[in-house]
Amino acid sequence: MTTLPVDKHDPNQPYHERYQAAHHYKSRDHEFDAVKMGTWLFLSTEVLLFSGLFVFYGIMRMLHPEAFAHGSSLLDWRWGLVNTVVLLGSSFTAAAAVRDAQLNRQFWLKVNLAFTLLAGVAFLLIKFVFEYGPKIAEGKLPGAFYSYPNWVDPNEPLWWGLYWGATGVHASHVVIGIALYGWLLWRATKKHFGPKHYNAVEVVALYWHIVDVVWIFLFPMLYLIH
Amino acid sequence: MASTHAAEHGHGSHGAGHADAAAHGGGDDHGGHGHGGHGHTIIPLRTLVTVLVILLVFTGLTVAVANLEQVVAQAFGITLPAWVNVIVALSIAAVKSLIVAAYFMQLRYDNPINTLIAVFSILVLTFFLGFTMVDLGSRKTLYAYKGEQIIQGGIGGVALAGGVEAPGGKSIAQFARERADAQIDEKLKANEVLPKVLGQRLAHRVDELHAAHKPVPEAYTAYLAKHPEILASMTGHGGGHGGQHAASNSADTARPKSGITLPELLPAGGADPHGHSDPGAHGESKGGAKPGH
């Protein structure tokens with residue numbers, strides 16, 4: 001390193017300029033790489049978490065094909081499609097936010113962070129109002145709460161258990177993502193992010209993309225395959 | 001010195017927009033710190049937009065193929081095998097995930113170790129899913145299970161939500177149906193309007209009674225006559241044939257009728273598993289009606 005390190009408490013500089021990596025790293029880039037790799041290790045555990053649900057889906061579908069066929073026909077794929085489009089758009093804005101941090105475009109960074117957050121909220125709203133709400137009212141609930149009488153195969157409560165489990169775990173991940181983006185937005189207003197320091201934006205964007213990838217699989221599995 | 005350097009670097013490029021992108025697009029030594037080029041690759045906006053468009057196109061494709069199954073079945077009477085939609089939908093999903101991982105998550109521009117980690121987790125998932133499916137697919141006991149039509153998962157005397165005590169040994173689905181029937185009787189007696197779910201249940205109940213050659217209470221038919229919207233809301237209801245049925249479910253025409261049950265394990269009498277020809281086997285989809293139904 002040939003440049004002198006900036007005084008990390010200099011109030012004349014934005015946080016992202018004067019940020020210094022933890023002392024056990026050789027440089028900020030080293031820290032960035034380590035943080036990114038650590039995030040990918042975490043994401044692989046997320047994949048394992050959802051793989052449990054996917055394997056459950058495979059097993060139950062093999063054991064009770066009619067229950068799954070009828071159960072999935074009771075879902076409205078159009079709301080699933082809307083939610084898919086919303087999440088794909090939010091993935092785009094998440095990646096764009098990373099890009100804006102890299103280019104020091106503070107205004108667009110905040111815009112994209114806000115859009116990602118709002119897209120997450122929209123996803124949850126659509127889910128709760130148009131999907132969960134009617135299902136709760138009609139008794140299509142998991143486990144002991146099940147009371148929907150118009151089943152075709154008596155094993156349909158299993159389908160509903162899977163539906164609520166898979167979409168519920170996914171929705172809770174979306175809630176966490178929303179909270180993280182709120183945190184990022186707040187930090188962005190304090191100019192914490194810039195070309196030399198945008199670790200948090202990168203990491204949360206990776207998390208958000210995994211949430212999107214999981215939904216990319218859940219949508220056809222639950223809504224489209226009968 | 002340090003502060004002027006920072007001032008011109010930190011604030012100078014603020015809001016420079018596309019000129020900035022042109023100057024920095026794709027470059028990886030943007031930091032100006034003299035670090036060796038660890039990729040802080042800045043993906044061009046056009047790449048991101050293109051990726052988004054491709055993802056949306058693939059989404060549309062998945063939906064189109066899924067609906068195509070129904071269209072083809074109804075228009076041409078061709079029943080596509082179930083695995084067609086499954087394979088297409090899941091492979092499109094896999095491709096979309098790869099694109100998201102490579103471009104949005106920047107695996108393509110990144111240290112290969114991250115790709116290795118991602119691939120490893122997918123590998124684990126593949127082993128998990130693959131071996132489980134191979135195991136299940138080759139279990140003879142599975143066939144015996146399906147042949148017997150054992151309906152397990154009773155609610156064994158545990159209190160249900162809402163403070164209702166459930167008798168042991170009955171399936172949740174069966175119990176839900178009986179509760180709904182009891183609610184229907186209550187509401188009809190009190191001259192209340194039935195919610196949509198119960199209205200449809202009433203229509204099915206009338207079918208069941210017809211099919212079992214039992215007398216249908218006057219109150220039921222009177223209510224159905226007074227509320228024609230119930231029958232209208234149930235597609236494929238036609239003719240009161242064989243109880244509660246998957247006939248209204250277009251998915252029914254687009255997948256094998258008997259799951260993975262071997263033909264020789266179907267109930268004797270060779271009835272179509274959906275009980276069309278067998279008036280006694282209403283309500284259960286494989287003709288193996290649970291005793292005491």
# chains A, B, ... in the order shown; residues from 1 in each chain; ligands from 1
>>> residues_around(residues="segment 66-74 of chain A", least_positions_apart="2", cutoff="6 Å", atoms="only C-alpha atoms", output="PyMOL selection string")
chain A and resi 64+153+155-156+159+223+226
>>> closest_residue(among="B:Ala64, B:Ile43, B:Ala211, B:Leu224", to="Leu107 of chain B", atoms="only C-alpha atoms")
B:Ile43
>>> closest_residue(among="A:Thr39, A:His9, A:Phe123, A:Lys26", to="Val204 of chain A", atoms="only C-alpha atoms")
A:Thr39
>>> atom_distance(atom1="atom CA of Ile210 of chain A", atom2="atom CA of Lys190 of chain A")
27.2 Å
>>> residues_around(residues="segment 53-62 of chain B", least_positions_apart="2", cutoff="12 Å", atoms="only C-alpha atoms", output="ChimeraX atom specification")
/A:77-78,80-89,91-92,212-213,215-217,219-221,223-225 /B:46-51,64-69,84-101,103-104
>>> atom_distance(atom1="atom CA of Ser172 of chain A", atom2="atom CA of Val211 of chain A")
10.1 Å
